[in-house]
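Here is model36.pdb, consisting of PDB, C-alpha atoms (C1' of nucleotides):
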MODEL        1
ATOM      1  CA  MET A  12      58.996 112.423 171.401
ATOM      2  CA  LEU A  13      57.207 109.402 170.009
ATOM      3  CA  SER A  14      53.992 108.635 171.892
ATOM      4  CA  LYS A  15      53.572 105.306 173.677
ATOM      5  CA  LYS A  16      51.112 104.460 170.963
ATOM      6  CA  SER A  17      53.868 104.833 168.389
ATOM      7  CA  GLN A  18      56.242 102.729 170.399
ATOM      8  CA  TYR A  19      53.604 100.019 170.727
ATOM      9  CA  ALA A  20      52.957 100.241 167.009
ATOM     10  CA  PHE A  21      56.616  99.666 166.225
ATOM     11  CA  LYS A  22      56.838  96.734 168.600
ATOM     12  CA  ALA A  23      53.761  95.140 167.099
ATOM     13  CA  LEU A  24      54.934  95.751 163.536
ATOM     14  CA  SER A  25      58.343  94.376 164.339
ATOM     15  CA  TYR A  26      56.691  91.231 165.656
ATOM     16  CA  LEU A  27      54.472  90.930 162.617
ATOM     17  CA  SER A  28      57.529  91.342 160.423
ATOM     18  CA  GLN A  29      59.174  88.365 162.044
ATOM     19  CA  LYS A  30      56.020  86.314 161.586
ATOM     20  CA  PHE A  31      55.504  87.542 158.060
ATOM     21  CA  ASN A  32      55.470  84.061 156.508
ATOM     22  CA  ASP A  33      53.453  82.395 159.252
ATOM     23  CA  GLY A  34      49.971  83.611 158.383
ATOM     24  CA  PRO A  35      47.689  85.722 160.602
ATOM     25  CA  VAL A  36      48.807  86.490 164.150
ATOM     26  CA  LEU A  37      46.362  86.981 167.007
ATOM     27  CA  ILE A  38      46.108  90.423 168.627
ATOM     28  CA  SER A  39      46.265  88.641 171.952
ATOM     29  CA  GLU A  40      49.512  86.919 170.997
ATOM     30  CA  ILE A  41      51.141  90.200 170.051
ATOM     31  CA  ALA A  42      49.854  91.827 173.204
ATOM     32  CA  ARG A  43      51.230  89.028 175.356
ATOM     33  CA  LYS A  44      54.607  88.695 173.677
ATOM     34  CA  LYS A  45      55.226  92.410 173.391
ATOM     35  CA  LYS A  46      53.536  93.375 176.665
ATOM     36  CA  ILE A  47      51.098  95.814 175.170
ATOM     37  CA  PRO A  48      47.653  96.471 176.729
ATOM     38  CA  LEU A  49      45.284  94.342 174.661
ATOM     39  CA  LYS A  50      42.493  96.798 174.033
ATOM     40  CA  PHE A  51      44.869  99.613 173.276
ATOM     41  CA  LEU A  52      46.713  97.438 170.791
ATOM     42  CA  GLU A  53      43.389  96.595 169.183
ATOM     43  CA  ASN A  54      42.876 100.259 168.337
ATOM     44  CA  ILE A  55      46.370 100.659 167.017
ATOM     45  CA  LEU A  56      46.204  97.664 164.707
ATOM     46  CA  LEU A  57      42.826  98.713 163.405
ATOM     47  CA  GLU A  58      44.224 102.125 162.585
ATOM     48  CA  LEU A  59      47.153 100.550 160.765
ATOM     49  CA  LYS A  60      44.750  98.398 158.838
ATOM     50  CA  LYS A  61      42.674 101.372 157.764
ATOM     51  CA  ALA A  62      45.895 102.994 156.608
ATOM     52  CA  ASP A  63      46.585  99.986 154.433
ATOM     53  CA  ILE A  64      49.642  98.807 156.324
ATOM     54  CA  LEU A  65      48.008  95.733 157.778
ATOM     55  CA  ASP A  66      45.266  93.380 156.792
ATOM     56  CA  SER A  67      43.257  91.016 158.944
ATOM     57  CA  LYS A  68      41.303  87.811 158.859
ATOM     58  CA  LYS A  69      38.335  87.150 161.098
ATOM     59  CA  GLY A  70      37.193  83.944 162.782
ATOM     60  CA  LYS A  71      39.223  80.885 163.697
ATOM     61  CA  GLY A  72      42.735  80.952 162.329
ATOM     62  CA  GLY A  73      42.370  84.708 161.919
ATOM     63  CA  GLY A  74      44.530  87.570 163.070
ATOM     64  CA  TYR A  75      46.600  90.390 161.683
ATOM     65  CA  PHE A  76      49.371  90.368 159.109
ATOM     66  CA  LEU A  77      51.427  92.817 157.077
ATOM     67  CA  LYS A  78      49.898  93.772 153.785
ATOM     68  CA  LYS A  79      53.321  94.266 152.204
ATOM     69  CA  LYS A  80      56.755  92.834 152.778
ATOM     70  CA  PRO A  81      58.622  94.336 155.755
ATOM     71  CA  GLU A  82      61.238  95.888 153.487
ATOM     72  CA  GLN A  83      58.499  97.743 151.627
ATOM     73  CA  ILE A  84      57.176  99.589 154.669
ATOM     74  CA  LYS A  85      59.142 102.694 155.600
ATOM     75  CA  VAL A  86      59.666 103.807 159.154
ATOM     76  CA  ALA A  87      58.795 107.359 158.154
ATOM     77  CA  THR A  88      55.365 106.223 156.972
ATOM     78  CA  ILE A  89      54.574 104.669 160.317
ATOM     79  CA  ILE A  90      55.747 107.674 162.298
ATOM     80  CA  ARG A  91      53.618 110.050 160.246
ATOM     81  CA  LEU A  92      50.651 107.753 160.531
ATOM     82  CA  VAL A  93      50.686 107.048 164.213
ATOM     83  CA  ASN A  94      52.628 109.938 165.675
ATOM     84  CA  GLY A  95      52.102 112.796 163.253
ATOM     85  CA  PRO A  96      54.573 115.291 161.814
ATOM     86  CA  ILE A  97      58.273 114.500 161.808
ATOM     87  CA  SER A  98      59.314 118.136 161.454
ATOM     88  CA  MET A  99      59.700 120.452 164.410
ATOM     89  CA  LEU A 100      57.629 123.239 162.885
ATOM     90  CA  PRO A 101      54.421 123.156 160.847
ATOM     91  CA  CYS A 102      55.951 125.525 158.301
ATOM     92  CA  VAL A 103      58.720 123.071 157.397
ATOM     93  CA  SER A 104      56.586 119.942 157.297
ATOM     94  CA  LEU A 105      56.193 118.150 153.987
ATOM     95  CA  TYR A 106      53.109 116.156 154.917
ATOM     96  CA  PHE A 107      51.489 118.398 157.536
ATOM     97  CA  TYR A 108      52.456 121.794 156.180
ATOM     98  CA  GLU A 109      50.873 124.914 157.601
ATOM     99  CA  ARG A 110      51.773 128.427 156.624
ATOM    100  CA  CYS A 111      53.644 130.349 159.270
ATOM    101  CA  LYS A 112      52.106 133.688 160.134
ATOM    102  CA  ASN A 113      54.465 136.493 161.233
ATOM    103  CA  CYS A 114      57.411 134.646 159.797
ATOM    104  CA  ASN A 115      58.031 135.083 156.140
ATOM    105  CA  GLU A 116      59.577 131.727 155.419
ATOM    106  CA  LYS A 117      62.092 133.302 153.092
ATOM    107  CA  HIS A 118      63.953 135.204 155.804
ATOM    108  CA  CYS A 119      63.339 133.185 158.921
ATOM    109  CA  ALA A 120      66.485 131.707 160.397
ATOM    110  CA  LEU A 121      64.574 129.367 162.672
ATOM    111  CA  HIS A 122      62.698 128.063 159.665
ATOM    112  CA  ASP A 123      65.935 127.421 157.788
ATOM    113  CA  MET A 124      67.476 125.584 160.698
ATOM    114  CA  MET A 125      64.437 123.402 161.109
ATOM    115  CA  VAL A 126      64.549 122.511 157.438
ATOM    116  CA  GLU A 127      68.044 121.198 158.062
ATOM    117  CA  VAL A 128      66.904 119.188 161.064
ATOM    118  CA  ARG A 129      64.012 117.803 159.092
ATOM    119  CA  ASP A 130      66.228 116.715 156.218
ATOM    120  CA  ALA A 131      68.762 115.106 158.525
ATOM    121  CA  THR A 132      65.984 113.151 160.199
ATOM    122  CA  LEU A 133      64.258 112.159 156.994
ATOM    123  CA  ASP A 134      67.544 110.972 155.601
ATOM    124  CA  ILE A 135      67.395 108.268 158.231
ATOM    125  CA  VAL A 136      63.746 107.372 158.664
ATOM    126  CA  GLU A 137      62.873 107.482 154.973
ATOM    127  CA  ASN A 138      65.592 104.983 154.247
ATOM    128  CA  ARG A 139      64.765 102.401 156.889
ATOM    129  CA  THR A 140      61.992  99.878 156.779
ATOM    130  CA  LEU A 141      60.366  97.400 159.109
ATOM    131  CA  ARG A 142      62.998  94.964 157.941
ATOM    132  CA  ASP A 143      65.574  97.034 159.796
ATOM    133  CA  LEU A 144      63.558  96.769 162.971
ATOM    134  CA  MET A 145      63.419  92.973 162.909
ATOM    135  CA  ASP A 146      65.959  92.276 165.590
ATOM    136  CA  GLU A 147      66.313  89.173 167.806
TER
ATOM    137  CA  MET B  22      56.826 119.387 167.014
ATOM    138  CA  LEU B  23      57.836 122.490 168.907
ATOM    139  CA  SER B  24      55.005 123.897 171.008
ATOM    140  CA  LYS B  25      53.732 127.412 170.378
ATOM    141  CA  LYS B  26      55.397 128.343 173.613
ATOM    142  CA  SER B  27      58.734 127.311 172.151
ATOM    143  CA  GLN B  28      58.108 129.233 168.980
ATOM    144  CA  TYR B  29      57.203 132.324 170.992
ATOM    145  CA  ALA B  30      60.330 131.838 173.090
ATOM    146  CA  PHE B  31      62.518 131.786 170.000
ATOM    147  CA  LYS B  32      60.878 134.865 168.567
ATOM    148  CA  ALA B  33      61.314 136.744 171.814
ATOM    149  CA  LEU B  34      64.913 135.622 172.212
ATOM    150  CA  SER B  35      65.688 136.548 168.653
ATOM    151  CA  TYR B  36      64.311 140.025 169.332
ATOM    152  CA  LEU B  37      66.283 140.354 172.542
ATOM    153  CA  SER B  38      69.386 139.297 170.652
ATOM    154  CA  GLN B  39      68.969 142.143 168.219
ATOM    155  CA  LYS B  40      68.477 144.580 171.075
ATOM    156  CA  PHE B  41      71.325 143.109 173.080
ATOM    157  CA  ASN B  42      73.218 146.378 173.379
ATOM    158  CA  ASP B  43      70.197 148.577 173.963
ATOM    159  CA  GLY B  44      69.494 147.844 177.609
ATOM    160  CA  PRO B  45      66.281 146.328 179.027
ATOM    161  CA  VAL B  46      63.367 145.720 176.665
ATOM    162  CA  LEU B  47      59.747 145.860 177.805
ATOM    163  CA  ILE B  48      57.680 142.689 177.710
ATOM    164  CA  SER B  49      54.971 144.748 176.060
ATOM    165  CA  GLU B  50      57.348 145.869 173.329
ATOM    166  CA  ILE B  51      58.351 142.299 172.541
ATOM    167  CA  ALA B  52      54.739 141.194 172.612
ATOM    168  CA  ARG B  53      53.714 143.945 170.232
ATOM    169  CA  LYS B  54      56.597 143.616 167.802
ATOM    170  CA  LYS B  55      56.549 139.835 167.705
ATOM    171  CA  LYS B  56      52.779 139.444 168.026
ATOM    172  CA  ILE B  57      52.833 137.260 171.088
ATOM    173  CA  PRO B  58      49.996 137.290 173.689
ATOM    174  CA  LEU B  59      51.299 139.546 176.440
ATOM    175  CA  LYS B  60      50.473 137.491 179.505
ATOM    176  CA  PHE B  61      51.629 134.290 177.920
ATOM    177  CA  LEU B  62      54.909 135.904 176.998
ATOM    178  CA  GLU B  63      55.264 137.084 180.589
ATOM    179  CA  ASN B  64      55.273 133.468 181.766
ATOM    180  CA  ILE B  65      57.748 132.416 179.127
ATOM    181  CA  LEU B  66      60.227 135.165 179.891
ATOM    182  CA  LEU B  67      59.980 134.508 183.598
ATOM    183  CA  GLU B  68      60.767 130.861 182.994
ATOM    184  CA  LEU B  69      63.767 131.803 180.883
ATOM    185  CA  LYS B  70      64.912 134.098 183.635
ATOM    186  CA  LYS B  71      64.674 131.358 186.241
ATOM    187  CA  ALA B  72      66.712 129.176 183.916
ATOM    188  CA  ASP B  73      69.404 131.835 183.853
ATOM    189  CA  ILE B  74      69.014 132.715 180.200
ATOM    190  CA  LEU B  75      67.513 136.113 180.822
ATOM    191  CA  ASP B  76      67.713 138.750 183.491
ATOM    192  CA  SER B  77      65.322 141.579 184.240
ATOM    193  CA  LYS B  78      65.138 145.012 185.752
ATOM    194  CA  LYS B  79      62.079 146.283 187.541
ATOM    195  CA  GLY B  80      60.566 149.745 187.643
ATOM    196  CA  LYS B  81      60.883 152.567 185.156
ATOM    197  CA  GLY B  82      63.447 151.897 182.471
ATOM    198  CA  GLY B  83      63.186 148.221 183.278
ATOM    199  CA  GLY B  84      62.540 145.180 181.107
ATOM    200  CA  TYR B  85      64.200 141.977 180.035
ATOM    201  CA  PHE B  86      67.618 141.351 178.534
ATOM    202  CA  LEU B  87      69.884 138.430 177.689
ATOM    203  CA  LYS B  88      72.172 137.400 180.495
ATOM    204  CA  LYS B  89      74.829 136.247 178.046
ATOM    205  CA  LYS B  90      75.828 137.207 174.547
ATOM    206  CA  PRO B  91      73.614 135.733 171.796
ATOM    207  CA  GLU B  92      76.459 133.597 170.484
ATOM    208  CA  GLN B  93      76.832 131.991 173.894
ATOM    209  CA  ILE B  94      73.284 130.657 174.079
ATOM    210  CA  LYS B  95      72.735 127.421 172.212
ATOM    211  CA  VAL B  96      69.521 126.581 170.417
ATOM    212  CA  ALA B  97      69.593 123.120 171.967
ATOM    213  CA  THR B  98      69.524 124.621 175.450
ATOM    214  CA  ILE B  99      66.402 126.595 174.690
ATOM    215  CA  ILE B 100      64.600 123.645 173.133
ATOM    216  CA  ARG B 101      65.312 121.422 176.128
ATOM    217  CA  LEU B 102      64.250 124.141 178.483
ATOM    218  CA  VAL B 103      60.998 125.200 176.919
ATOM    219  CA  ASN B 104      59.996 122.206 174.853
ATOM    220  CA  GLY B 105      61.581 119.223 176.559
ATOM    221  CA  PRO B 106      63.492 116.263 175.117
ATOM    222  CA  ILE B 107      65.022 116.512 171.671
ATOM    223  CA  SER B 108      65.210 112.740 171.222
ATOM    224  CA  MET B 109      62.322 110.694 169.909
ATOM    225  CA  LEU B 110      62.514 108.092 172.676
ATOM    226  CA  PRO B 111      63.168 108.460 176.413
ATOM    227  CA  CYS B 112      65.720 105.655 176.246
ATOM    228  CA  VAL B 113      67.956 107.579 173.842
ATOM    229  CA  SER B 114      67.699 110.954 175.524
ATOM    230  CA  LEU B 115      70.828 112.460 177.029
ATOM    231  CA  TYR B 116      69.102 114.962 179.283
ATOM    232  CA  PHE B 117      65.767 113.232 179.942
ATOM    233  CA  TYR B 118      66.867 109.620 179.921
ATOM    234  CA  GLU B 119      64.517 106.892 181.109
ATOM    235  CA  ARG B 120      65.232 103.222 181.004
ATOM    236  CA  CYS B 121      63.245 101.319 178.415
ATOM    237  CA  LYS B 122      61.349  98.337 179.777
ATOM    238  CA  ASN B 123      60.875  95.343 177.490
ATOM    239  CA  CYS B 124      63.563  96.600 175.197
ATOM    240  CA  ASN B 125      67.109  95.744 176.132
ATOM    241  CA  GLU B 126      68.832  98.742 174.686
ATOM    242  CA  LYS B 127      71.684  96.601 173.469
ATOM    243  CA  HIS B 128      69.646  94.721 170.866
ATOM    244  CA  CYS B 129      66.845  97.097 170.008
ATOM    245  CA  ALA B 130      66.923  98.207 166.397
ATOM    246  CA  LEU B 131      64.464 101.038 167.018
ATOM    247  CA  HIS B 132      66.693 102.302 169.789
ATOM    248  CA  ASP B 133      69.716 102.277 167.516
ATOM    249  CA  MET B 134      67.928 104.137 164.776
ATOM    250  CA  MET B 135      66.710 106.782 167.185
ATOM    251  CA  VAL B 136      70.244 107.279 168.445
ATOM    252  CA  GLU B 137      71.184 108.125 164.893
ATOM    253  CA  VAL B 138      68.310 110.556 164.556
ATOM    254  CA  ARG B 139      69.209 112.159 167.849
ATOM    255  CA  ASP B 140      72.833 112.629 166.838
ATOM    256  CA  ALA B 141      71.934 114.059 163.468
ATOM    257  CA  THR B 142      69.627 116.553 165.149
ATOM    258  CA  LEU B 143      72.039 117.484 167.907
ATOM    259  CA  ASP B 144      74.727 118.028 165.342
ATOM    260  CA  ILE B 145      72.668 120.963 164.163
ATOM    261  CA  VAL B 146      71.005 122.424 167.245
ATOM    262  CA  GLU B 147      74.035 122.081 169.520
ATOM    263  CA  ASN B 148      76.089 124.087 167.078
ATOM    264  CA  ARG B 149      73.736 126.993 166.521
ATOM    265  CA  THR B 150      73.157 129.872 168.864
ATOM    266  CA  LEU B 151      70.765 132.776 169.179
ATOM    267  CA  ARG B 152      73.202 134.673 167.000
ATOM    268  CA  ASP B 153      72.192 132.426 164.124
ATOM    269  CA  LEU B 154      68.548 133.294 164.690
ATOM    270  CA  MET B 155      69.111 137.052 164.448
ATOM    271  CA  ASP B 156      67.722 137.643 161.014
ATOM    272  CA  GLU B 157      66.309 140.836 159.516
TER
ATOM    273  C1'  DT C  28      25.466  76.340 163.871
ATOM    274  C1'  DA C  29      28.796  77.346 167.351
ATOM    275  C1'  DT C  30      32.769  79.421 168.028
ATOM    276  C1'  DT C  31      36.276  82.558 167.217
ATOM    277  C1'  DA C  32      38.382  86.801 166.559
ATOM    278  C1'  DG C  33      38.259  91.205 164.714
ATOM    279  C1'  DT C  34      35.166  95.728 164.691
ATOM    280  C1'  DC C  35      33.056  99.541 166.587
ATOM    281  C1'  DC C  36      31.597 102.834 169.945
ATOM    282  C1'  DA C  37      31.469 105.118 174.001
ATOM    283  C1'  DC C  38      33.575 106.556 177.913
ATOM    284  C1'  DC C  39      37.189 107.751 181.447
ATOM    285  C1'  DG C  40      40.827 110.223 184.478
ATOM    286  C1'  DG C  41      44.544 112.901 184.230
ATOM    287  C1'  DG C  42      47.737 115.840 182.057
ATOM    288  C1'  DT C  43      49.185 119.351 178.742
ATOM    289  C1'  DT C  44      48.461 123.431 175.835
ATOM    290  C1'  DG C  45      47.522 127.965 175.142
ATOM    291  C1'  DG C  46      45.871 131.227 177.263
ATOM    292  C1'  DT C  47      43.648 135.223 180.722
ATOM    293  C1'  DG C  48      42.867 138.149 184.933
ATOM    294  C1'  DG C  49      44.079 140.381 189.035
ATOM    295  C1'  DG C  50      46.639 141.794 192.575
ATOM    296  C1'  DC C  51      51.259 142.336 194.759
ATOM    297  C1'  DT C  52      55.919 143.907 195.178
ATOM    298  C1'  DA C  53      60.211 145.743 194.235
ATOM    299  C1'  DG C  54      62.871 149.094 191.868
ATOM    300  C1'  DT C  55      63.436 153.742 189.862
ATOM    301  C1'  DA C  56      63.150 158.637 189.035
ATOM    302  C1'  DT C  57      61.796 162.760 190.960
TER
ATOM    303  C1'  DA D   8      59.444 159.946 200.704
ATOM    304  C1'  DT D   9      56.342 159.374 197.038
ATOM    305  C1'  DA D  10      54.454 158.086 192.789
ATOM    306  C1'  DC D  11      54.780 155.404 189.257
ATOM    307  C1'  DT D  12      56.320 151.639 186.621
ATOM    308  C1'  DA D  13      57.082 147.165 185.267
ATOM    309  C1'  DG D  14      58.051 142.707 186.486
ATOM    310  C1'  DC D  15      56.297 138.796 189.722
ATOM    311  C1'  DC D  16      53.124 135.505 191.195
ATOM    312  C1'  DC D  17      48.959 132.958 191.710
ATOM    313  C1'  DA D  18      44.817 131.179 190.319
ATOM    314  C1'  DC D  19      41.871 129.827 186.966
ATOM    315  C1'  DC D  20      40.089 128.499 182.271
ATOM    316  C1'  DA D  21      38.457 125.701 178.036
ATOM    317  C1'  DA D  22      39.885 122.530 174.886
ATOM    318  C1'  DC D  23      42.275 118.933 173.568
ATOM    319  C1'  DC D  24      45.315 114.729 173.718
ATOM    320  C1'  DC D  25      47.058 110.525 175.858
ATOM    321  C1'  DG D  26      46.766 106.098 177.541
ATOM    322  C1'  DG D  27      43.543 102.959 178.453
ATOM    323  C1'  DT D  28      39.022 100.152 179.372
ATOM    324  C1'  DG D  29      34.346  97.933 178.744
ATOM    325  C1'  DG D  30      30.895  96.013 176.225
ATOM    326  C1'  DA D  31      28.285  94.804 172.464
ATOM    327  C1'  DC D  32      28.253  93.413 167.601
ATOM    328  C1'  DT D  33      29.460  91.205 163.345
ATOM    329  C1'  DA D  34      31.736  88.443 160.054
ATOM    330  C1'  DA D  35      34.271  84.362 158.978
ATOM    331  C1'  DT D  36      35.363  79.690 159.611
ATOM    332  C1'  DA D  37      35.364  74.823 160.945
TER
ENDMDL
END
Translate the structure described by the file into structure tokens.
Amino acid sequence: MLSKKSQYAFKALSYLSQKFNDGPVLISEIARKKKIPLKFLENILLELKKADILDSKKGKGGGYFLKKKPEQIKVATIIRLVNGPISMLPCVSLYFYERCKNCNEKHCALHDMMVEVRDATLDIVENRTLRDLMDE
Amino acid sequence: MLSKKSQYAFKALSYLSQKFNDGPVLISEIARKKKIPLKFLENILLELKKADILDSKKGKGGGYFLKKKPEQIKVATIIRLVNGPISMLPCVSLYFYERCKNCNEKHCALHDMMVEVRDATLDIVENRTLRDLMDE
DNA sequence: TATTAGTCCACCGGGTTGGTGGGCTAGTAT
DNA sequence: ATACTAGCCCACCAACCCGGTGGACTAATA
């Protein structure tokens, strides 16, 4: 399950995608419009900035904005960043791989099944971007 | 990600599937063969028994055994039981559904995408059983 | 220079995860 | 009936994560 943090992140990013051509957007505006706890959102946006997804401007007229165009930011990237691994097992993860003790990955049926699940999931989230989340 | 508990559960169930025709299997035997902490495994097996997946016999010659044939126990059932929701959002879950506030599920692009992910995943785990995990 | 708005840090309660220990009880073989 | 066996149950544990808050600081801008 995606954490609330991840859900907030997607809401905020979706909002910023809509406002992509309008210059910086205040944290407080996002928080109000998307009903996200202000201080919590602050942390999330800062994290996204450090990960090079967002950029910000301080002082009057400041705020947050996407560093790239919405269609250039993949959903998979955001999930990995904010939520962690997409795979169901460490030993099938591409970005958070950990060797699986007591399960030689060559002959482990669970492993093989989870590879399938992973690929089916990635097939979706790697091919969608923030642009696809810009509804309403 | 599947919890360690879930991974242990699958290992234990896979072992019990192999031994399906051999009568009750000791917790201690499973723990030893599959390298699972004994007491932790005890809890897991008890939970699976209460969920009607396993049955047990007490006293000498006792142990645990599958209540149904391996091919009659779906992987999806076990995941839901031990790990929880398979979906990435509560509002797209079939078995753990929760209404999504501030996101009318009719026009939420994230929701729609996660429905796709859910279906792709279920397509795999609903169609595999413990029989498919009986390797080696 | 005053104001604005992001930055940073510390803390918090509560829940989950991954266990462990000990005693009890019910079933089984003898 | 008895002894033994093996599951059952309860309580507790440390460590970590989740969701969130408060306050001070700093950098940019008008």
TODO: Could you please select, counting all atoms listed in the file, the residues of chain A within 12 Å of chain D and state them as a count of residues only?
DONE: 24
- [ ] Excluding Thr150 of chain B and any residue of its chain fewer than 2 positions from it, enumerate the residues within 6 Å of it, using all atoms listed in the file, and give them as a PyMOL selection string.
- [x] chain B and resi 92+94-96+152-153
- [ ] Quick one: pull the distance between atom CA of Asp63 of chain A and atom CA of Ile135 of chain A, Å, one decimal.
- [x]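 Distance reported for this atom pair: 22.7 Å.
Contacts from chain C to chain B at a cut-off of 8 Å (only C-alpha atoms (C1' of nucleotides)) map to DG45, DG46, DT47, DA53, DG54, DT55 and DA56 of chain C.
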Task: Counting only C-alpha atoms, chain B residues within 6 Å of chain A, as a ChimeraX atom specification - done: /B:22-23,109-110,130-131,138,141-142,154
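Between atom CA of Leu56 of chain A and atom CA of Ser39 of chain A there is a distance of 11.6 Å.
What separates atom C1' of DT34 of chain C from atom CA of Phe76 of chain A is a distance of 16.2 Å.
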Please report, as JSON, the centre and edge lengths in Å to one decimal of an axis-aligned box covering all listed atoms of segment 142-157 of chain B with 8 Å per side.
{"center_x": 71.2, "center_y": 128.7, "center_z": 164.5, "size_x": 25.8, "size_y": 40.3, "size_z": 26.0}
Pick out the residues sitting within 12 Å of Asn32 of chain A, and hand them over as a PDB file with C-alpha atoms, in the frame of the given file; count only C-alpha atoms (C1' of nucleotides), and ignore anything fewer than 6 positions along from it in its own chain.
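Written out: around-v4.pdb:
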ATOM      1  CA  TYR A  26      56.691  91.231 165.656  1.00  0.00           C
ATOM      2  CA  PHE A  76      49.371  90.368 159.109  1.00  0.00           C
ATOM      3  CA  LEU A  77      51.427  92.817 157.077  1.00  0.00           C
ATOM      4  CA  LYS A  78      49.898  93.772 153.785  1.00  0.00           C
ATOM      5  CA  LYS A  79      53.321  94.266 152.204  1.00  0.00           C
ATOM      6  CA  LYS A  80      56.755  92.834 152.778  1.00  0.00           C
ATOM      7  CA  PRO A  81      58.622  94.336 155.755  1.00  0.00           C
TER       8      PRO A  81
END
